[in-house]
Each structure stands twice: as C-alpha cells, then as structure tokens.
Amino acid sequence: MTRRSAVGVALAALTAVGPAAPATAQLPERRLALPGDPLPGLSPVELEEFRLGLEDFLEVEDAGEGLGPAYNNTSCAGCHNVPAIGGIAPMTTTRAGIREPDGTFRDIEPGRGSLFQIFSIPTHACQSVIPPEANVIAKRVPIPLFGAGLIEAIPDATLEALADPYDLDRDGVSGRAPIVPDLVTGEPRVGRFGWKSQRATLLDFGADAYRNEMGITNDLFPGELTFRLSERQLALCDETPDPEDVIEPSTGRRGIDNFESFMRLLAPPPRGPTTPRVAAGRRVFDVIGCAACHVPALATGPSSNPLFDRRPVPLFSDLLLHDVGTGDGIRQAGAEPGELRTPPLWGLRFRRPLLHDGEAATAIEAVQRHANEAALAREGFERLPPADRDALAAFLDSL
C-alpha cells in the first residue's frame, strides 16, 4: 500500500477526538464522540492502528496497485464519507440474478454471486455487464460503519436468543440469525454485517469489499470477481499478480488488517438531545411495535479489552434477517430474497437516503414502506394521531 503526504496531513485532523460533551446515558463514563472519531479511551497502540486504518481507508487506488479490472469505487472512503469517513454515500451498487418461473432465485453464474460492478479500468475489455437473461436487478446503498467494533463484539448467542424463525410467540415477527463461515477460522458464525448479514466479522467484511467493490484481491478473496471471462482475457486486463493486497514491510500489516482496525475502533454515532417531544416519540416507537425488530440496546460479551467488555450497544437493531416487505429479491449467503438485516437506527439523523435501495427520503417514508413482519407496526403508525406521528418523527431524527 502506498502512503501519501496529503493523507498524512488529513489524519492529524481526522483522528483527533471531538470536543468534550456531556456523558451519554448509554456510556456514562465516556465522552460523546463526533461521527468519524475513534472510540474514546484508545491506547497509543490502538490509536496508531486506527490511524493506519484511516490512512488506507482514504487511499485512492489505481490499476498499478490492483484496482479492477471491474470496480465500484477507487477507495473505501468513496462509499463511506457522509457525514464523515466511515459513514454512507448517496450512491448505489448493483446486483442481478434470475428468478425462475417457480419463484426461486439463482445467480446468473453459479458460485459467482450477484454483484455487477459499474466501472472498469482501460481498455474496459473486462467490464462487468449484466446479461439479458437477468430478470432481477437490485440497488443497494452503502451501510454506515460507526460503532462496528461494538456490533462485532455482541455474542452470537445473544443474536440467536433473539431469533424466532417460526414466530412461536405469535407476534408476527420471525427474525432469523443467519449462519455464515468465518473465513479465517472456518467456524460457523452468526452473520451481522451487510444488508443480508452476509459477513460475521469485520475482517471478512472489509476483505469482501476490497475484492468486490475495488477489485483488489487478498488472502481471503484471492480470485478476481469477473463475469464470463477466460483466464487469457483476464490476464490481458489485469497484470498485477494475485493476491494484490500484500503485507507492507514498514508496518507488517495488510490493507485488510488496516480496514479491520479502522472499522473496529470507530466510535458509535452520537445521539441528539432528548427533548420532551423526542421522549414522547420514543414511547410511540415502543407502543406500535417498532422495537420488536429495532431492539433499543444489546450488549457486548466479556473481553480482555475494556473498550469492548460487556458494553451497552444502543444500536436499535436485533441484527437479524426479517421480511418486512422491502427485500431486494436477491438470495445471498444465509438470506432469502425477501429478507434483509434489520438496519441499526443509531446515526439515523446523519443518513439520507434510507432503506437498502435509497428509495425513502425520510424516516416516515421508510416506515410507510414496511409490510409483512412489520405490518402490525405500520398499521399502528397509520392509526396514530398527527401529534404522535410528529413525535415519532422527532424521535427517529434524534437517533
């Protein structure tokens, strides 16, 4: 990985912890961080890991460093920059597949997956092109990464205990905890990252994005993501030996190690002030049933690192797969076509557009798109008087 002096200048500002603010109720002993700040209380070693991760996150790659031959962006920050590095961006990626006459879904090319990148390096002979037989095409916006290390530290058992795949309690909500492989250990884990909960760890998630979104192969994803190309065709488009992400001698780390550190050490997003109207909206949120999926808080498990040791995680999500009528039609990893992970609502006030496809301009529009498992909650919302609707909107816009 290359290093640029301009990036180094940016780091000095971006890694600084934000100004002191009143402690939050969720993390009473810690100061409020701004979006893009590291977790408060990092050790010097952790702060250096965060700095290296941020530097790689900002780096703009080119073909000489392995970019492409097909890709969606030239840097991690290109898709994660609003309201700060680690956030989202007003852009979408594209997925495609085939829905058979009986309603089942399959990838166009077995084992390849559904992603089709929108860019390619010159001469563009390896551009990813959706074939005419595709009859399912879906858009996805980037997910925010703030507080991702706390999410990773939530025990699998916690998520499995929340799952109710057969709706045994008859409340209409039947979340599933998808089981996916940890690509380092090979062990089965509960997925929690990505719109389909397709990855269980931040290392896997970052390595997946490095290959799939930027075309840079690595130890976990050593082959290029191409479509109907021969080895000879690929060799003409991509001359950099695989894997393209290698250990940098000066740090002893790969790019994917740096991405993992940056995401793991990002602070969660700060909450807005709790006014009386916001407090009233929180009560409405609970009464109409939103909290059945958007669980207000979970907790991390025991850890030797105090940053992650049995900490509250006020993310407003169960991280499970649900069918709430907004699915993208793509089967991926352990998720069925109609299922999506419950998106955490913390940081919602910093995000627009909303939903997996970016089709909702406001939180209220997103609520109105809900159906199936969320039908009762949406019906409850529709019966609300205007004052309660306004209070709910205020609460959501405070997250």
# chains A, B, ... in the order shown; residues from 1 in each chain; ligands from 1

call {"tool": "residues_around", "arguments": {"residues": "A:Pro144", "least_positions_apart": "4", "cutoff": "8 Å", "atoms": "only C-alpha atoms", "output": "ChimeraX atom specification"}}
result
/A:80,86-88

call {"tool": "write_last_selection", "arguments": {"atoms": "N, CA and C atoms", "output": "compact mmCIF listing (two decimals), in the first residue's frame"}}
result
# COMPACT_ATOMS: atom_id res chain seq x y z
N HIS A 80 -18.01 5.60 1.79
CA HIS A 80 -18.29 5.77 3.22
C HIS A 80 -17.73 7.12 3.66
N GLY A 86 -16.35 6.80 7.17
CA GLY A 86 -16.98 5.70 7.89
C GLY A 86 -18.48 5.69 7.76
N GLY A 87 -19.05 6.74 7.16
CA GLY A 87 -20.49 6.84 7.00
C GLY A 87 -20.99 6.20 5.72
N ILE A 88 -21.92 6.86 5.05
CA ILE A 88 -22.51 6.32 3.82
C ILE A 88 -22.14 7.24 2.67

call {"tool": "residues_around", "arguments": {"residues": "A:Ile137", "least_positions_apart": "4", "cutoff": "10 Å", "atoms": "only C-alpha atoms", "output": "list in words"}}
result
Thr94, Arg95, Ala96, Gly97, Ile98, Ser114, Leu115, Phe116, Ile130, Asp328, Gly329 and Ile330 of chain A

call {"tool": "write_last_selection", "arguments": {"atoms": "C-alpha atoms", "output": "PDB file, in the first residue's frame"}}
result
ATOM      1  CA  THR A  94     -25.951  -3.120  -8.498  1.00  0.00           C
ATOM      2  CA  ARG A  95     -26.867  -6.763  -8.081  1.00  0.00           C
ATOM      3  CA  ALA A  96     -28.598  -9.052 -10.547  1.00  0.00           C
ATOM      4  CA  GLY A  97     -29.862 -12.603 -10.829  1.00  0.00           C
ATOM      5  CA  ILE A  98     -32.571 -14.842 -12.198  1.00  0.00           C
ATOM      6  CA  SER A 114     -24.880 -11.310  -7.731  1.00  0.00           C
ATOM      7  CA  LEU A 115     -22.679  -8.170  -7.775  1.00  0.00           C
ATOM      8  CA  PHE A 116     -22.032  -6.416 -11.097  1.00  0.00           C
ATOM      9  CA  ILE A 130     -25.455  -7.665 -16.788  1.00  0.00           C
ATOM     10  CA  ASP A 328     -34.394  -6.759  -2.923  1.00  0.00           C
ATOM     11  CA  GLY A 329     -35.190 -10.148  -4.469  1.00  0.00           C
ATOM     12  CA  ILE A 330     -31.593 -11.411  -4.142  1.00  0.00           C
TER      13      ILE A 330
END

call {"tool": "select_by_dssp", "arguments": {"residues": "stretch 19-245 of chain A", "states": "strand (DSSP E)", "output": "MDAnalysis selection string"}}
result
chainID A and resid 70:71 93:99 105:106 115:116 119:120 136:140 179:181 188:190

call {"tool": "write_last_selection", "arguments": {"atoms": "N, CA and C atoms", "output": "PDB file, in the first residue's frame"}}
result
ATOM      1  N   ALA A  70     -12.687  -4.742 -12.821  1.00  0.00           N
ATOM      2  CA  ALA A  70     -14.001  -4.142 -12.627  1.00  0.00           C
ATOM      3  C   ALA A  70     -14.099  -3.669 -11.181  1.00  0.00           C
ATOM      4  N   TYR A  71     -14.768  -2.542 -10.974  1.00  0.00           N
ATOM      5  CA  TYR A  71     -14.828  -1.984  -9.620  1.00  0.00           C
ATOM      6  C   TYR A  71     -16.002  -1.011  -9.508  1.00  0.00           C
ATOM      7  N   THR A  93     -24.791   0.363  -5.371  1.00  0.00           N
ATOM      8  CA  THR A  93     -24.176  -0.710  -6.146  1.00  0.00           C
ATOM      9  C   THR A  93     -25.302  -1.548  -6.756  1.00  0.00           C
ATOM     10  N   THR A  94     -24.942  -2.391  -7.720  1.00  0.00           N
ATOM     11  CA  THR A  94     -25.951  -3.120  -8.498  1.00  0.00           C
ATOM     12  C   THR A  94     -25.758  -4.617  -8.358  1.00  0.00           C
ATOM     13  N   ARG A  95     -26.871  -5.303  -8.122  1.00  0.00           N
ATOM     14  CA  ARG A  95     -26.867  -6.763  -8.081  1.00  0.00           C
ATOM     15  C   ARG A  95     -27.929  -7.287  -9.031  1.00  0.00           C
ATOM     16  N   ALA A  96     -27.680  -8.483  -9.567  1.00  0.00           N
ATOM     17  CA  ALA A  96     -28.598  -9.052 -10.547  1.00  0.00           C
ATOM     18  C   ALA A  96     -28.611 -10.567 -10.430  1.00  0.00           C
ATOM     19  N   GLY A  97     -29.730 -11.162 -10.844  1.00  0.00           N
ATOM     20  CA  GLY A  97     -29.862 -12.603 -10.829  1.00  0.00           C
ATOM     21  C   GLY A  97     -31.071 -13.026 -11.632  1.00  0.00           C
ATOM     22  N   ILE A  98     -31.467 -14.262 -11.436  1.00  0.00           N
ATOM     23  CA  ILE A  98     -32.571 -14.842 -12.198  1.00  0.00           C
ATOM     24  C   ILE A  98     -33.611 -15.423 -11.245  1.00  0.00           C
ATOM     25  N   ARG A  99     -34.840 -14.984 -11.420  1.00  0.00           N
ATOM     26  CA  ARG A  99     -35.956 -15.598 -10.705  1.00  0.00           C
ATOM     27  C   ARG A  99     -36.613 -16.602 -11.646  1.00  0.00           C
ATOM     28  N   PHE A 105     -34.772 -18.203  -6.696  1.00  0.00           N
ATOM     29  CA  PHE A 105     -33.736 -17.305  -7.202  1.00  0.00           C
ATOM     30  C   PHE A 105     -32.440 -18.078  -7.414  1.00  0.00           C
ATOM     31  N   ARG A 106     -31.716 -17.732  -8.458  1.00  0.00           N
ATOM     32  CA  ARG A 106     -30.376 -18.283  -8.656  1.00  0.00           C
ATOM     33  C   ARG A 106     -29.466 -17.214  -9.228  1.00  0.00           C
ATOM     34  N   LEU A 115     -23.177  -9.536  -7.576  1.00  0.00           N
ATOM     35  CA  LEU A 115     -22.679  -8.170  -7.775  1.00  0.00           C
ATOM     36  C   LEU A 115     -22.160  -7.959  -9.194  1.00  0.00           C
ATOM     37  N   PHE A 116     -22.561  -6.842  -9.798  1.00  0.00           N
ATOM     38  CA  PHE A 116     -22.032  -6.416 -11.097  1.00  0.00           C
ATOM     39  C   PHE A 116     -21.508  -4.991 -10.946  1.00  0.00           C
ATOM     40  N   PHE A 119     -17.886   0.115 -13.009  1.00  0.00           N
ATOM     41  CA  PHE A 119     -16.724   0.706 -13.682  1.00  0.00           C
ATOM     42  C   PHE A 119     -15.715  -0.377 -14.046  1.00  0.00           C
ATOM     43  N   SER A 120     -14.765  -0.002 -14.911  1.00  0.00           N
ATOM     44  CA  SER A 120     -13.650  -0.899 -15.243  1.00  0.00           C
ATOM     45  C   SER A 120     -12.467  -0.052 -15.654  1.00  0.00           C
ATOM     46  N   VAL A 136     -33.910 -10.055 -12.341  1.00  0.00           N
ATOM     47  CA  VAL A 136     -33.921  -9.402 -11.033  1.00  0.00           C
ATOM     48  C   VAL A 136     -32.726  -8.471 -10.980  1.00  0.00           C
ATOM     49  N   ILE A 137     -32.968  -7.191 -10.818  1.00  0.00           N
ATOM     50  CA  ILE A 137     -31.895  -6.209 -10.697  1.00  0.00           C
ATOM     51  C   ILE A 137     -32.192  -5.354  -9.478  1.00  0.00           C
ATOM     52  N   ALA A 138     -31.222  -5.246  -8.584  1.00  0.00           N
ATOM     53  CA  ALA A 138     -31.431  -4.560  -7.311  1.00  0.00           C
ATOM     54  C   ALA A 138     -30.320  -3.555  -7.057  1.00  0.00           C
ATOM     55  N   LYS A 139     -30.673  -2.489  -6.368  1.00  0.00           N
ATOM     56  CA  LYS A 139     -29.717  -1.460  -5.966  1.00  0.00           C
ATOM     57  C   LYS A 139     -29.536  -1.507  -4.451  1.00  0.00           C
ATOM     58  N   ARG A 140     -28.312  -1.257  -4.009  1.00  0.00           N
ATOM     59  CA  ARG A 140     -28.045  -1.169  -2.569  1.00  0.00           C
ATOM     60  C   ARG A 140     -27.156   0.026  -2.272  1.00  0.00           C
ATOM     61  N   ILE A 179     -26.393 -18.206   9.609  1.00  0.00           N
ATOM     62  CA  ILE A 179     -25.095 -18.773   9.946  1.00  0.00           C
ATOM     63  C   ILE A 179     -24.208 -18.739   8.696  1.00  0.00           C
ATOM     64  N   VAL A 180     -23.063 -18.090   8.824  1.00  0.00           N
ATOM     65  CA  VAL A 180     -22.115 -17.953   7.723  1.00  0.00           C
ATOM     66  C   VAL A 180     -20.735 -18.348   8.221  1.00  0.00           C
ATOM     67  N   PRO A 181     -19.812 -18.695   7.336  1.00  0.00           N
ATOM     68  CA  PRO A 181     -18.476 -19.088   7.805  1.00  0.00           C
ATOM     69  C   PRO A 181     -17.606 -17.892   8.151  1.00  0.00           C
ATOM     70  N   PRO A 188     -18.493 -21.794  11.885  1.00  0.00           N
ATOM     71  CA  PRO A 188     -19.773 -21.126  11.619  1.00  0.00           C
ATOM     72  C   PRO A 188     -20.032 -20.022  12.632  1.00  0.00           C
ATOM     73  N   ARG A 189     -20.501 -18.890  12.147  1.00  0.00           N
ATOM     74  CA  ARG A 189     -20.799 -17.740  12.995  1.00  0.00           C
ATOM     75  C   ARG A 189     -22.130 -17.133  12.579  1.00  0.00           C
ATOM     76  N   VAL A 190     -22.682 -16.302  13.431  1.00  0.00           N
ATOM     77  CA  VAL A 190     -23.888 -15.556  13.075  1.00  0.00           C
ATOM     78  C   VAL A 190     -23.484 -14.334  12.268  1.00  0.00           C
TER      79      VAL A 190
END

call {"tool": "residues_around", "arguments": {"residues": "A:Gly289", "least_positions_apart": "5", "cutoff": "8 Å", "atoms": "only C-alpha atoms", "output": "PDB file with C-alpha atoms, in the first residue's frame"}}
result
ATOM      1  CA  LEU A 376     -48.754  -4.529  12.586  1.00  0.00           C
ATOM      2  CA  ALA A 377     -46.230  -1.804  13.393  1.00  0.00           C
ATOM      3  CA  GLY A 380     -50.203   1.092  14.314  1.00  0.00           C
TER       4      GLY A 380
END

call {"tool": "closest_atom_pairs", "arguments": {"of": "stretch 302-358 of chain A", "to": "stretch 265-284 of chain A", "cutoff": "9 Å", "atoms": "only C-alpha atoms", "output": "JSON lines"}}
result
{"residue": "A:Val313", "atom": "CA", "partner": "A:Pro268", "partner_atom": "CA", "distance": 8.6}
{"residue": "A:Pro314", "atom": "CA", "partner": "A:Pro268", "partner_atom": "CA", "distance": 8.9}
{"residue": "A:Leu315", "atom": "CA", "partner": "A:Pro268", "partner_atom": "CA", "distance": 8.6}
{"residue": "A:Trp346", "atom": "CA", "partner": "A:Pro269", "partner_atom": "CA", "distance": 6.4}
{"residue": "A:Gly347", "atom": "CA", "partner": "A:Pro269", "partner_atom": "CA", "distance": 5.1}
{"residue": "A:Leu348", "atom": "CA", "partner": "A:Pro269", "partner_atom": "CA", "distance": 8.9}
{"residue": "A:Arg349", "atom": "CA", "partner": "A:Gly272", "partner_atom": "CA", "distance": 8.3}
{"residue": "A:Phe350", "atom": "CA", "partner": "A:Pro269", "partner_atom": "CA", "distance": 8.8}

call {"tool": "residues_around", "arguments": {"residues": "stretch 353-358 of chain A", "least_positions_apart": "6", "cutoff": "12 Å", "atoms": "only C-alpha atoms", "output": "ChimeraX atom specification"}}
result
/A:82,88-95,137-144,194-196,324-329,339-345,347,364-370

call {"tool": "closest_residue", "arguments": {"among": "A:Asp257, A:Glu382, A:Asp309, A:Glu373", "to": "A:Asp56", "atoms": "only C-alpha atoms"}}
result
A:Asp257

call {"tool": "atom_distance", "arguments": {"atom1": "atom CA of A:Ile288", "atom2": "atom CA of A:Asp318"}}
result
16.9 Å

call {"tool": "closest_residue", "arguments": {"among": "A:Gly338, A:Pro38, A:Pro83, A:Gly215", "to": "A:Asn372", "atoms": "only C-alpha atoms"}}
result
A:Gly338

call {"tool": "atom_distance", "arguments": {"atom1": "atom CA of A:Glu213", "atom2": "atom CA of A:Leu58"}}
result
14.6 Å

call {"tool": "closest_residue", "arguments": {"among": "A:Cys76, A:Ile85, A:Ala125, A:Leu321", "to": "A:Ala177", "atoms": "only C-alpha atoms"}}
result
A:Leu321

call {"tool": "atom_distance", "arguments": {"atom1": "atom CA of A:Asp62", "atom2": "atom CA of A:Phe50"}}
result
23.2 Å

call {"tool": "residues_around", "arguments": {"residues": "A:Tyr210", "least_positions_apart": "5", "cutoff": "9 Å", "atoms": "only C-alpha atoms", "output": "list in words"}}
result
Ser75, Cys76, Phe205, Gly215, Ile216, Thr217, Asn218, Phe221, Asp245, Gly255 and Ile256 of chain A

call {"tool": "select_by_dssp", "arguments": {"residues": "stretch 125-312 of chain A", "states": "helix (DSSP H, G or I)", "output": "ChimeraX atom specification"}}
result
/A:148-152,156-162,202-214,231-237,255-264,276-287,290-292

call {"tool": "closest_residue", "arguments": {"among": "A:Gly113, A:Pro35, A:Gly301, A:Pro386", "to": "A:Ala84", "atoms": "only C-alpha atoms"}}
result
A:Pro35

call {"tool": "residues_around", "arguments": {"residues": "A:Phe262", "least_positions_apart": "3", "cutoff": "8 Å", "atoms": "only C-alpha atoms", "output": "NGL selection string"}}
result
:A and (49-54 or 57 or 258-259 or 265-266)

call {"tool": "write_last_selection", "arguments": {"atoms": "N, CA and C atoms", "output": "mmCIF file, in the first residue's frame"}}
result
data_model
loop_
_atom_site.group_PDB
_atom_site.id
_atom_site.type_symbol
_atom_site.label_atom_id
_atom_site.label_comp_id
_atom_site.auth_asym_id
_atom_site.auth_seq_id
_atom_site.Cartn_x
_atom_site.Cartn_y
_atom_site.Cartn_z
ATOM 1 N N GLU A 49 -3.160 2.042 15.297
ATOM 2 C CA GLU A 49 -3.882 1.131 14.400
ATOM 3 C C GLU A 49 -5.034 1.863 13.712
ATOM 4 N N PHE A 50 -5.730 2.695 14.466
ATOM 5 C CA PHE A 50 -6.819 3.480 13.877
ATOM 6 C C PHE A 50 -6.268 4.418 12.806
ATOM 7 N N ARG A 51 -5.140 5.054 13.090
ATOM 8 C CA ARG A 51 -4.534 5.984 12.128
ATOM 9 C C ARG A 51 -4.147 5.266 10.838
ATOM 10 N N LEU A 52 -3.507 4.106 10.969
ATOM 11 C CA LEU A 52 -3.137 3.349 9.775
ATOM 12 C C LEU A 52 -4.377 2.916 8.995
ATOM 13 N N GLY A 53 -5.411 2.524 9.729
ATOM 14 C CA GLY A 53 -6.633 2.113 9.066
ATOM 15 C C GLY A 53 -7.302 3.252 8.330
ATOM 16 N N LEU A 54 -7.350 4.416 8.950
ATOM 17 C CA LEU A 54 -7.939 5.583 8.300
ATOM 18 C C LEU A 54 -7.143 5.965 7.066
ATOM 19 N N PHE A 57 -8.053 3.613 4.428
ATOM 20 C CA PHE A 57 -9.437 3.839 4.059
ATOM 21 C C PHE A 57 -9.561 5.008 3.081
ATOM 22 N N ASN A 258 -5.693 -3.241 8.167
ATOM 23 C CA ASN A 258 -5.905 -1.832 8.494
ATOM 24 C C ASN A 258 -7.381 -1.458 8.416
ATOM 25 N N PHE A 259 -8.086 -1.975 7.415
ATOM 26 C CA PHE A 259 -9.516 -1.705 7.327
ATOM 27 C C PHE A 259 -10.241 -2.230 8.572
ATOM 28 N N LEU A 265 -12.500 0.254 15.578
ATOM 29 C CA LEU A 265 -12.223 1.294 16.558
ATOM 30 C C LEU A 265 -13.002 2.582 16.310
ATOM 31 N N LEU A 266 -13.903 2.587 15.338
ATOM 32 C CA LEU A 266 -14.759 3.749 15.106
ATOM 33 C C LEU A 266 -15.783 3.892 16.229
#

call {"tool": "closest_residue", "arguments": {"among": "A:Ser197, A:Thr362, A:Asn81, A:Asn135", "to": "A:Leu320", "atoms": "only C-alpha atoms"}}
result
A:Ser197

call {"tool": "closest_residue", "arguments": {"among": "A:Leu67, A:Leu220, A:Leu150, A:Ala292", "to": "A:Asp167", "atoms": "only C-alpha atoms"}}
result
A:Ala292
